[in-house]
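Peer 1: Below is a structure I'd like to ask you about.
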Amino acid sequence: MLKSVAQKLKALLPQKLKYRLFAAFLLLILLPFSVLNIYNYTKIESLVQQEISEQSREQLLSMQRALEDQMSIAFKTLIFLEQDSTIRSVLQSPDSRSPLVNKRLVEERFQDINNSFFLYNPYVYFTLLDLHGSVYTSYPPAERLDYETYISLPSFKQTMQRQSPLWIPNDENDVLKDISKSPSLLSLYAPLKDHRNLSYGLARISIDYTYWFQSTLSRSDSGQAYFIITGEGEQIAGSVTDAILSVSVIGKIVDAPQDGYLLDENGSSLINYSYLDSLNW
């Protein structure tokens, strides 16, 4: 049996010297060199991917910080509203003036806030409710203002129960469609409290994040596409019209709620992702 195997192996070996030299060249020089090249290529490819990832990651984190800055400004604006004597007077004592005067005073304060905090960001909207049946907005609403409709919104009711600020990342957009066509807003709900820690009203500060996202990226020349997806895998904003992430890529990102990068199915795109814990985005 062993003799038969040996004979077969011997038959496979080149008989002439030049063929033996050629076979030795293939086995001892060309094959190891090819393996080494493949290893080096894979190593270089990995390093290039990592370098590109780090570069685009900086741009991605810059976008994330910009959004967090907007959220921080919204929170500071909430404190400004709560401490404003005119706002407090209108909400606590609405009967001391006519409804038109109250409306004018509140709208003037809204304008002052926009000039102070959001001069170049016309995508932030304010809503104030007192506890006496009046509602004020900094924007023309899609439907007629109705206090009972607003006070019964789940987010306002939850805010009254919690008595603390609450971020709602998929808030319904009630702004007139001629002004904002975004399907949803990022809203901060909060009670307004006096120096005795008693509530005298409710506030909502809404950021049109879709408009902010697209307008911010329209000034960028990075040549990259950006997306916002929820923790449940829903794509809610994109910098490129009609561009979408594949289901498998979204699945991989959602399964790993952290920072990282991956290649798409075809290996044609390098995708960086960063997790925003406060919004589960």
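By convention here, the chains of the structure tokens are called A, B, ... in the order presented, each chain's residues are numbered starting at 1, and ligands are numbered starting at 1 in the order presented.
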Near Gln158 of chain A, within 12 Å and counting only C-alpha atoms, which residues show up once chain neighbours fewer than 4 positions away are dropped, as a PyMOL selection string?

Peer 2: chain A and resi 151-154+162-168+189-191+202

Peer 1: Mind listing the alpha helix (DSSP H) residues of segment 24-196 of chain A, per DSSP on the backbone, as a PyMOL selection string?

Peer 2: chain A and resi 24-25+31-83+85-92+99-117+147-151+154-162

Peer 1: A:Gln92, A:Ser116, A:Ser268, A:Ser85: which is nearest Leu129 of chain A, counting only C-alpha atoms?

Peer 2: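 Ranking A:Gln92, A:Ser116, A:Ser268, A:Ser85 by distance to Leu129 of chain A, first place goes to A:Gln92.
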
Peer 1: I'd like to know which of A:Gly201, A:Pro99, A:Gly133, A:Pro94 is closest to Leu81 of chain A, using only C-alpha atoms.

Peer 2: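 Of A:Gly201, A:Pro99, A:Gly133, A:Pro94, the one nearest Leu81 of chain A, counting only C-alpha atoms, is A:Gly201.
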
Peer 1: Got a sec to tell me which of segment 66-171 of chain A DSSP assigns to strand (DSSP E or B), as an MDAnalysis selection string?

Peer 2: chainID A and resid 124:130 135:137 141 166:171

Peer 1: Could you work out how far atom CA of Gln258 of chain A lies from atom CA of Leu245 of chain A, giving the answer in Å with one decimal?

Peer 2: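 So the two atoms, atom CA of Leu245 of chain A and atom CA of Gln258 of chain A, lie 17.6 Å apart.
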
Peer 1: Have a look at atom CA of Phe227 of chain A and atom CA of Lys177 of chain A and let me know their distance in Å, one decimal.

Peer 2: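 About the pair atom CA of Phe227 of chain A and atom CA of Lys177 of chain A: they are 23.0 Å apart.
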
Peer 1: Under the rule that only C-alpha atoms are counted, which of A:Tyr209, A:Tyr139, A:Tyr226, A:Phe126 is the nearest residue to Pro169 of chain A?

Peer 2: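 With only C-alpha atoms as the atom set, the closest residue is A:Tyr209.
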
Peer 1: In terms of the shortest atom-to-atom distance over only C-alpha atoms, which of A:Ser62, A:Ser239, A:Ser96, A:Gln55 is closest to Ala225 of chain A?

Peer 2: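 Closest residue, counting only C-alpha atoms: A:Ser239.
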
Peer 1: Show which residues sit within 10 Å of segment 70-74 of chain A, as a ChimeraX atom specification. Count only C-alpha atoms, and ignore same-chain residues fewer than 3 positions away.

Peer 2: /A:64-67,77-80,117-118,121,124-126,167,186-188,204-207,209,212
